[in-house]
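Q: Sharing final03.csv below, CSV, C-alpha atoms and all ligand atoms:
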```csv
chain,number,residue,atom,x,y,z
A,203,MET,CA,94.1,-277.7,10.4
A,204,SER,CA,95.1,-274.3,11.9
A,205,LEU,CA,97.3,-274.8,14.9
A,206,LYS,CA,99.0,-272.1,16.8
A,207,LEU,CA,101.6,-273.5,19.1
A,208,ILE,CA,104.6,-272.6,21.3
A,209,PHE,CA,107.3,-275.2,22.0
A,210,LEU,CA,109.1,-274.7,25.4
A,211,GLY,CA,111.9,-276.7,26.9
A,212,PRO,CA,115.7,-276.7,27.5
A,213,PRO,CA,118.2,-276.6,24.7
A,214,GLY,CA,118.5,-280.2,23.3
A,215,ALA,CA,115.1,-281.3,24.6
A,216,GLY,CA,113.8,-282.2,21.1
A,217,LYS,CA,111.7,-279.1,20.3
A,218,GLY,CA,113.0,-278.6,16.8
A,219,THR,CA,112.7,-282.4,16.0
A,220,GLN,CA,109.1,-282.5,17.1
A,221,ALA,CA,108.1,-279.1,15.8
A,222,ASP,CA,109.5,-280.1,12.4
A,223,ILE,CA,107.4,-283.4,12.3
A,224,ILE,CA,104.2,-281.5,13.2
A,225,SER,CA,104.9,-278.7,10.8
A,226,ARG,CA,105.3,-281.1,7.9
A,227,LYS,CA,102.3,-283.2,9.1
A,228,VAL,CA,99.8,-280.3,9.3
A,229,SER,CA,101.5,-278.0,6.8
A,230,ILE,CA,102.1,-275.0,9.0
A,231,PRO,CA,105.4,-273.1,9.3
A,232,ARG,CA,107.8,-273.8,12.1
A,233,ILE,CA,109.2,-270.4,13.1
A,234,ALA,CA,112.5,-270.8,14.9
A,235,PRO,CA,114.5,-267.7,15.8
A,236,GLY,CA,117.7,-269.8,16.3
A,237,ASP,CA,117.5,-271.1,12.7
A,238,LEU,CA,116.8,-267.6,11.4
A,239,PHE,CA,119.7,-266.1,13.3
A,240,ARG,CA,122.1,-268.9,12.1
A,241,LYS,CA,121.0,-268.3,8.5
A,242,ALA,CA,121.6,-264.5,8.9
A,243,VAL,CA,125.1,-265.2,10.3
A,244,ALA,CA,125.9,-267.7,7.5
A,245,GLU,CA,124.8,-265.1,4.9
A,246,HIS,CA,126.7,-262.2,6.6
A,247,THR,CA,123.6,-260.0,6.7
A,248,GLU,CA,123.3,-257.0,9.0
A,249,LEU,CA,121.2,-259.1,11.3
A,250,GLY,CA,123.8,-261.8,11.3
A,251,LYS,CA,126.5,-259.3,12.3
A,252,LEU,CA,124.4,-258.0,15.1
A,253,VAL,CA,123.6,-261.4,16.6
A,254,GLN,CA,126.7,-263.6,16.0
A,255,SER,CA,128.5,-262.8,19.3
A,256,TYR,CA,125.5,-263.6,21.4
A,257,ILE,CA,124.9,-267.0,19.6
A,258,ASP,CA,128.6,-267.9,19.8
A,259,SER,CA,128.7,-267.3,23.5
A,260,GLY,CA,125.3,-269.0,24.3
A,261,LYS,CA,123.6,-265.8,25.4
A,262,LEU,CA,120.2,-264.6,24.4
A,263,VAL,CA,120.1,-262.2,21.5
A,264,PRO,CA,118.7,-258.8,22.8
A,265,ASP,CA,114.9,-258.8,23.1
A,266,GLU,CA,114.3,-255.9,20.8
A,267,ILE,CA,116.0,-257.6,17.9
A,268,THR,CA,114.3,-260.9,18.6
A,269,ILE,CA,110.8,-259.4,19.1
A,270,ASN,CA,111.1,-257.4,15.9
A,271,LEU,CA,112.1,-260.5,13.9
A,272,MET,CA,109.1,-262.5,15.3
A,273,ARG,CA,106.7,-259.6,14.7
A,274,ASP,CA,107.6,-259.7,11.0
A,275,LYS,CA,107.2,-263.5,10.8
A,276,LEU,CA,103.9,-263.6,12.7
A,277,SER,CA,102.5,-260.8,10.6
A,278,SER,CA,103.4,-262.6,7.3
A,279,PRO,CA,100.8,-264.3,5.1
A,280,GLU,CA,102.4,-267.8,5.8
A,281,ALA,CA,101.6,-267.5,9.5
A,282,LYS,CA,97.8,-266.9,8.8
A,283,ARG,CA,97.0,-270.7,8.7
A,284,GLY,CA,98.9,-271.4,11.9
A,285,PHE,CA,102.4,-271.7,13.2
A,286,ILE,CA,104.8,-273.4,15.6
A,287,LEU,CA,107.0,-271.0,17.6
A,288,ASP,CA,110.2,-273.1,18.3
A,289,GLY,CA,112.5,-271.2,20.7
A,290,PHE,CA,110.3,-268.1,21.2
A,291,PRO,CA,109.5,-266.7,23.7
A,292,ARG,CA,112.6,-267.3,25.9
A,293,ASN,CA,112.0,-264.9,28.8
A,294,LEU,CA,109.1,-263.0,30.4
A,295,VAL,CA,109.7,-259.8,28.4
A,296,GLN,CA,109.4,-261.8,25.2
A,297,ALA,CA,106.3,-263.6,26.5
A,298,GLU,CA,104.5,-260.4,27.3
A,299,ALA,CA,105.5,-258.9,24.0
A,300,LEU,CA,104.1,-262.0,22.2
A,301,ASP,CA,100.8,-261.7,24.1
A,302,ARG,CA,100.5,-258.1,23.0
A,303,LEU,CA,101.4,-258.9,19.4
A,304,LEU,CA,98.9,-261.8,19.2
A,305,LYS,CA,96.2,-259.6,20.6
A,306,GLU,CA,96.9,-257.0,17.9
A,307,LEU,CA,96.7,-259.7,15.3
A,308,GLY,CA,93.6,-261.2,16.7
A,309,ILE,CA,95.3,-264.6,17.2
A,310,LYS,CA,94.7,-267.0,20.1
A,311,LEU,CA,97.3,-269.7,21.0
A,312,ASP,CA,96.1,-273.3,21.1
A,313,ALA,CA,98.8,-274.7,23.5
A,314,ALA,CA,102.3,-274.3,24.9
A,315,ILE,CA,104.0,-277.7,24.6
A,316,TYR,CA,106.7,-278.2,27.3
A,317,ILE,CA,109.1,-280.9,26.5
A,318,GLY,CA,110.9,-282.0,29.7
A,319,VAL,CA,114.2,-283.9,29.6
A,320,PRO,CA,116.4,-284.6,32.7
A,321,PHE,CA,119.4,-282.2,32.8
A,322,ASP,CA,122.1,-284.8,32.6
A,323,ARG,CA,120.8,-286.1,29.2
A,324,LEU,CA,120.8,-282.6,27.6
A,325,VAL,CA,124.6,-282.2,27.1
A,326,GLU,CA,124.8,-285.6,25.3
A,327,ARG,CA,121.8,-284.7,23.0
A,328,SER,CA,123.4,-281.4,22.0
A,329,ALA,CA,126.9,-282.7,21.6
A,330,GLY,CA,125.8,-285.4,19.2
A,331,ARG,CA,123.4,-283.1,17.2
A,332,ARG,CA,124.0,-282.6,13.5
A,333,VAL,CA,121.8,-280.2,11.5
A,334,CYS,CA,121.0,-279.9,7.8
A,335,LYS,CA,122.5,-276.8,6.3
A,336,GLN,CA,119.6,-276.6,3.8
A,337,CYS,CA,116.4,-277.4,5.7
A,338,GLY,CA,117.5,-277.3,9.3
A,339,ALA,CA,116.3,-280.8,10.2
A,340,ALA,CA,118.1,-282.2,13.3
A,341,TYR,CA,119.9,-285.6,13.5
A,342,HIS,CA,121.9,-287.2,16.2
A,343,VAL,CA,125.0,-289.4,15.7
A,344,LYS,CA,123.7,-292.0,18.2
A,345,PHE,CA,119.9,-291.5,18.6
A,346,LYS,CA,118.9,-290.4,15.1
A,347,PRO,CA,121.6,-291.0,12.5
A,348,PRO,CA,120.8,-290.1,8.9
A,349,ARG,CA,120.5,-293.0,6.4
A,350,VAL,CA,123.7,-291.8,4.6
A,351,ALA,CA,126.4,-290.3,6.7
A,352,ASN,CA,126.3,-286.5,6.7
A,353,VAL,CA,123.4,-286.3,4.3
A,354,CYS,CA,119.9,-285.1,5.2
A,355,ASP,CA,117.3,-287.9,4.7
A,356,LEU,CA,114.6,-285.3,3.8
A,357,CYS,CA,116.3,-282.9,1.3
A,358,GLY,CA,119.8,-284.3,0.6
A,359,GLY,CA,121.5,-281.3,2.2
A,360,GLU,CA,124.8,-281.5,4.0
A,361,LEU,CA,124.8,-282.0,7.8
A,362,TYR,CA,127.0,-279.9,10.1
A,363,GLN,CA,127.7,-279.5,13.8
A,364,ARG,CA,126.6,-276.2,15.4
A,365,ASP,CA,129.4,-274.1,16.9
A,366,ASP,CA,127.3,-273.5,20.0
A,367,ASP,CA,126.9,-277.3,20.6
A,368,ARG,CA,130.4,-277.5,22.1
A,369,PRO,CA,130.0,-278.8,25.7
A,370,GLU,CA,131.1,-275.5,27.4
A,371,THR,CA,128.6,-273.4,25.4
A,372,VAL,CA,125.9,-276.0,25.9
A,373,ARG,CA,126.3,-275.6,29.7
A,374,ARG,CA,126.1,-271.9,29.4
A,375,ARG,CA,122.9,-272.2,27.3
A,376,LEU,CA,121.4,-274.5,30.0
A,377,GLU,CA,122.2,-271.9,32.7
A,378,VAL,CA,120.6,-269.2,30.5
A,379,TYR,CA,117.5,-271.5,30.1
A,380,GLU,CA,117.2,-272.1,33.9
A,381,GLU,CA,117.4,-268.4,34.7
A,382,ASN,CA,115.4,-266.9,31.9
A,383,THR,CA,113.2,-269.4,30.2
A,384,ARG,CA,112.1,-271.9,32.8
A,385,PRO,CA,109.8,-269.3,34.5
A,386,LEU,CA,107.7,-269.4,31.3
A,387,VAL,CA,106.5,-272.9,32.3
A,388,ASP,CA,104.5,-271.3,35.1
A,389,TYR,CA,103.5,-268.4,32.9
A,390,TYR,CA,101.7,-270.6,30.4
A,391,SER,CA,100.4,-272.9,33.0
A,392,ARG,CA,98.6,-270.0,34.6
A,393,GLN,CA,97.1,-269.2,31.2
A,394,GLY,CA,95.8,-272.8,31.0
A,395,LEU,CA,97.8,-273.5,27.9
A,396,LEU,CA,100.6,-275.7,29.1
A,397,LYS,CA,100.8,-279.4,28.0
A,398,ARG,CA,103.7,-281.3,29.7
A,399,ILE,CA,105.3,-283.9,27.6
A,400,ASP,CA,108.0,-286.4,28.7
A,401,GLY,CA,110.8,-285.8,26.2
A,402,ASP,CA,113.0,-288.6,27.7
A,403,GLN,CA,111.5,-291.2,25.3
A,404,PRO,CA,112.1,-292.2,21.7
A,405,VAL,CA,111.2,-289.6,19.1
A,406,ASP,CA,108.1,-291.5,17.9
A,407,LYS,CA,106.7,-291.9,21.4
A,408,VAL,CA,107.3,-288.2,22.2
A,409,PHE,CA,105.5,-287.4,19.0
A,410,SER,CA,102.5,-289.6,19.7
A,411,ASP,CA,102.2,-288.1,23.2
A,412,ILE,CA,102.1,-284.6,21.6
A,413,GLN,CA,99.4,-285.7,19.2
A,414,GLU,CA,97.4,-287.1,22.0
A,415,ALA,CA,97.8,-283.9,24.1
A,416,LEU,CA,96.6,-281.8,21.2
A,417,GLY,CA,93.8,-284.1,20.3
A,418,LEU,CA,95.2,-284.7,16.8
A,419,ASN,CA,94.5,-288.1,15.2
A,420,ASN,CA,96.6,-289.8,12.6
A,421,ASN,CA,94.4,-288.6,9.7
A,422,ASP,CA,94.8,-284.9,10.5
A,423,GLN,CA,96.7,-283.7,7.4
A,424,HIS,CA,95.0,-280.6,6.1
B,501,LIG,P1,116.0,-278.5,20.6
B,501,LIG,O1,115.4,-277.9,19.3
B,501,LIG,O2,115.1,-278.6,21.7
B,501,LIG,O3,117.3,-277.8,20.9
B,501,LIG,P2,116.6,-280.8,18.9
B,501,LIG,O4,115.2,-281.2,18.3
B,501,LIG,O5,117.5,-280.2,17.9
B,501,LIG,O6,116.4,-280.0,20.3
B,501,LIG,O7,117.2,-282.2,19.5
B,501,LIG,C1,118.5,-282.2,20.1
B,501,LIG,C2,119.3,-283.4,19.7
B,501,LIG,O8,118.7,-284.6,20.3
B,501,LIG,C3,119.3,-283.7,18.2
B,501,LIG,O9,120.5,-284.3,17.8
B,501,LIG,C4,118.1,-284.7,18.0
B,501,LIG,O10,118.3,-285.6,16.9
B,501,LIG,C5,118.2,-285.5,19.3
B,501,LIG,N1,116.8,-285.9,19.8
B,501,LIG,C6,115.7,-285.2,19.7
B,501,LIG,N2,114.7,-285.9,20.2
B,501,LIG,C7,115.2,-287.0,20.8
B,501,LIG,C8,114.7,-288.2,21.5
B,501,LIG,N3,113.4,-288.2,21.8
B,501,LIG,N4,115.6,-289.1,21.9
B,501,LIG,C9,116.9,-289.0,21.6
B,501,LIG,N5,117.4,-288.0,20.9
B,501,LIG,C10,116.6,-287.0,20.5
B,502,LIG,P1,118.3,-272.5,19.3
B,502,LIG,O1,118.5,-272.8,17.9
B,502,LIG,O2,116.9,-272.3,19.7
B,502,LIG,O3,119.0,-273.5,20.2
B,502,LIG,O4,118.9,-271.1,19.6
B,502,LIG,C1,120.3,-270.8,19.3
B,502,LIG,C2,120.7,-269.4,19.8
B,502,LIG,O5,120.0,-268.4,19.2
B,502,LIG,C3,120.4,-269.2,21.3
B,502,LIG,O6,121.5,-269.7,22.2
B,502,LIG,C4,120.4,-267.6,21.3
B,502,LIG,O7,121.7,-267.1,21.2
B,502,LIG,C5,119.6,-267.3,20.0
B,502,LIG,N1,118.2,-267.3,20.3
B,502,LIG,C6,117.3,-268.2,19.8
B,502,LIG,N2,116.0,-267.9,20.2
B,502,LIG,C7,116.1,-266.8,20.9
B,502,LIG,C8,115.2,-266.0,21.6
B,502,LIG,N3,113.9,-266.2,21.7
B,502,LIG,N4,115.7,-264.9,22.3
B,502,LIG,C9,117.0,-264.6,22.3
B,502,LIG,N5,117.9,-265.3,21.7
B,502,LIG,C10,117.5,-266.4,21.0
```
Render the structure in this file as structure tokens.

A:
Amino acid sequence: MSLKLIFLGPPGAGKGTQADIISRKVSIPRIAPGDLFRKAVAEHTELGKLVQSYIDSGKLVPDEITINLMRDKLSSPEAKRGFILDGFPRNLVQAEALDRLLKELGIKLDAAIYIGVPFDRLVERSAGRRVCKQCGAAYHVKFKPPRVANVCDLCGGELYQRDDDRPETVRRRLEVYEENTRPLVDYYSRQGLLKRIDGDQPVDKVFSDIQEALGLNNNDQH
């Protein structure tokens, strides 16, 4: 199954959680610039040094850096069989750059999945988020606790709390979303690609709604 998807929605909506489930189910890579930037910061690479201050303050990393990173990822052999873009594009400049890049590569998107969650739930979701250091899987202290405290159910990696999940940085990220990213909902709606999903439901229900919107059935595991 070769799916090419974008996940849209505010920080904490559940994009990573859902993208991860689909990516494992249909064996396509989840490409998440946020994860790639955090890895670069942890490994003290040149990219990490460039992006750290933006991530720490909840601002968007400059478009040129982000677009170059995504060009590399989308041109790589792993993306040939499909992909889920989780957290890209995040503004109109990035969306237009993505359109050009996909055209060059001869790729057509299947859908832009928009996960909507009421604003007042988002701070709680991010504040309780815990992430696996090894595989990036997301947990929540209340809504999705791991089976063993601080240990990833999937790979046994150690869980940690993101620095930018502190309430004041979360609020800043929500403002950045409203100003820069929300307009993309209209952008993809005009392209006829938008699928709106109610993210204010249990993880399994959100997932089955996404499957239904994409016309996937339970046996699609190619
Ligand atoms: P995003 O990638 O959109 O920022 P995540 O997938 O990391 O969001 O989810 C944010 C937090 O909310 C995580 O702690 C995750 O476990 C939790 N979460 C995700 N989906 C749901 C849901 N449907 N109900 C309750 N909590 C959820
Ligand atoms: P995320 O993991 O998606 O919540 O992203 C964490 C942080 O990484 C964001 O607050 C930004 O600083 C940066 N980031 C992630 N995706 C992008 C993007 N498409 N454009 C610019 N910055 C991004």

Q: Quick one: everything within 12 Å of Leu416 in chain A, counting only C-alpha atoms, minus sequence neighbours fewer than 6 positions away in the same chain. Send it as a list in words.

A: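 Non-adjacent residues within range: Met203, Leu205, Lys206, Leu207, Ile224, Asp312, Ala313, Ala314, Ile315, Leu395, Leu396, Lys397, Arg398, Ile399, Phe409, Ser410 and Asp422 of chain A.
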
Q: Can you pull out the residues contacting Ile208 in chain A? Cut-off 10 Å, using all atoms listed in the file, and skip same-chain residues under 6 positions away; I want them as a list in words.

A: Lys217, Ala221, Arg232, Ile233, Phe285, Ile286, Leu287, Asp288, Gly289, Phe290, Pro291, Leu311, Asp312, Ala313, Ala314, Ile315, Tyr316, Tyr390, Leu395 and Leu396 of chain A

Q: Calculate how many Å separate CA of Leu356 in chain A from CA of Ile412 in chain A, rounding to one decimal.

A: 21.8 Å

Q: Which residue out of A:Ala234, A:Leu304, A:Ala242, A:Leu418 has the minimum interatomic distance to ligand LIG 502 (chain B) when all atoms listed in the file are used?

A: A:Ala234

Q: Could you list, as JSON, numbers by chain, all the residues within 6 Å of ligand LIG 502 (chain B), counting all atoms listed in the file?

A: {"A": [213, 235, 236, 237, 256, 257, 260, 261, 262, 263, 268, 289, 290, 291, 292, 375]}

Q: Just how far from CA of Leu386 in chain A is CA of Asn293 in chain A, in Å to one decimal?

A: 6.7 Å

Q: Within 10 Å of ligand LIG 501 (chain B) (counting only C-alpha atoms and all ligand atoms), which residues show up? I'd like them as a ChimeraX atom specification.

A: /A:209-222,234,236-237,288-289,317-319,323-333,338-348,363,367,400-409

Q: Which residue gives the smallest distance to Cys334 in chain A among A:Glu280, A:Leu303, A:Arg240, A:Asp322, with only C-alpha atoms counted?

A: A:Arg240

Q: Between CA of Met272 in chain A and CA of Phe239 in chain A, what distance in Å does the model show, to one decimal?

A: 11.4 Å

Q: Rank nothing, just name the residue among A:Thr383, A:Asp411, A:Ile223, A:Ser204 nearest to Ile309 in chain A, using only C-alpha atoms.

A: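 When distances to Ile309 in chain A are compared using only C-alpha atoms, the smallest one comes from A:Ser204.
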
Q: Have a look at A:Pro320, A:Arg349, A:Arg273, A:Ser255 and name the one nearest to Glu306 in chain A; count only C-alpha atoms.

A: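 Checking each of A:Pro320, A:Arg349, A:Arg273, A:Ser255 against Glu306 in chain A, counting only C-alpha atoms, the winner is A:Arg273.
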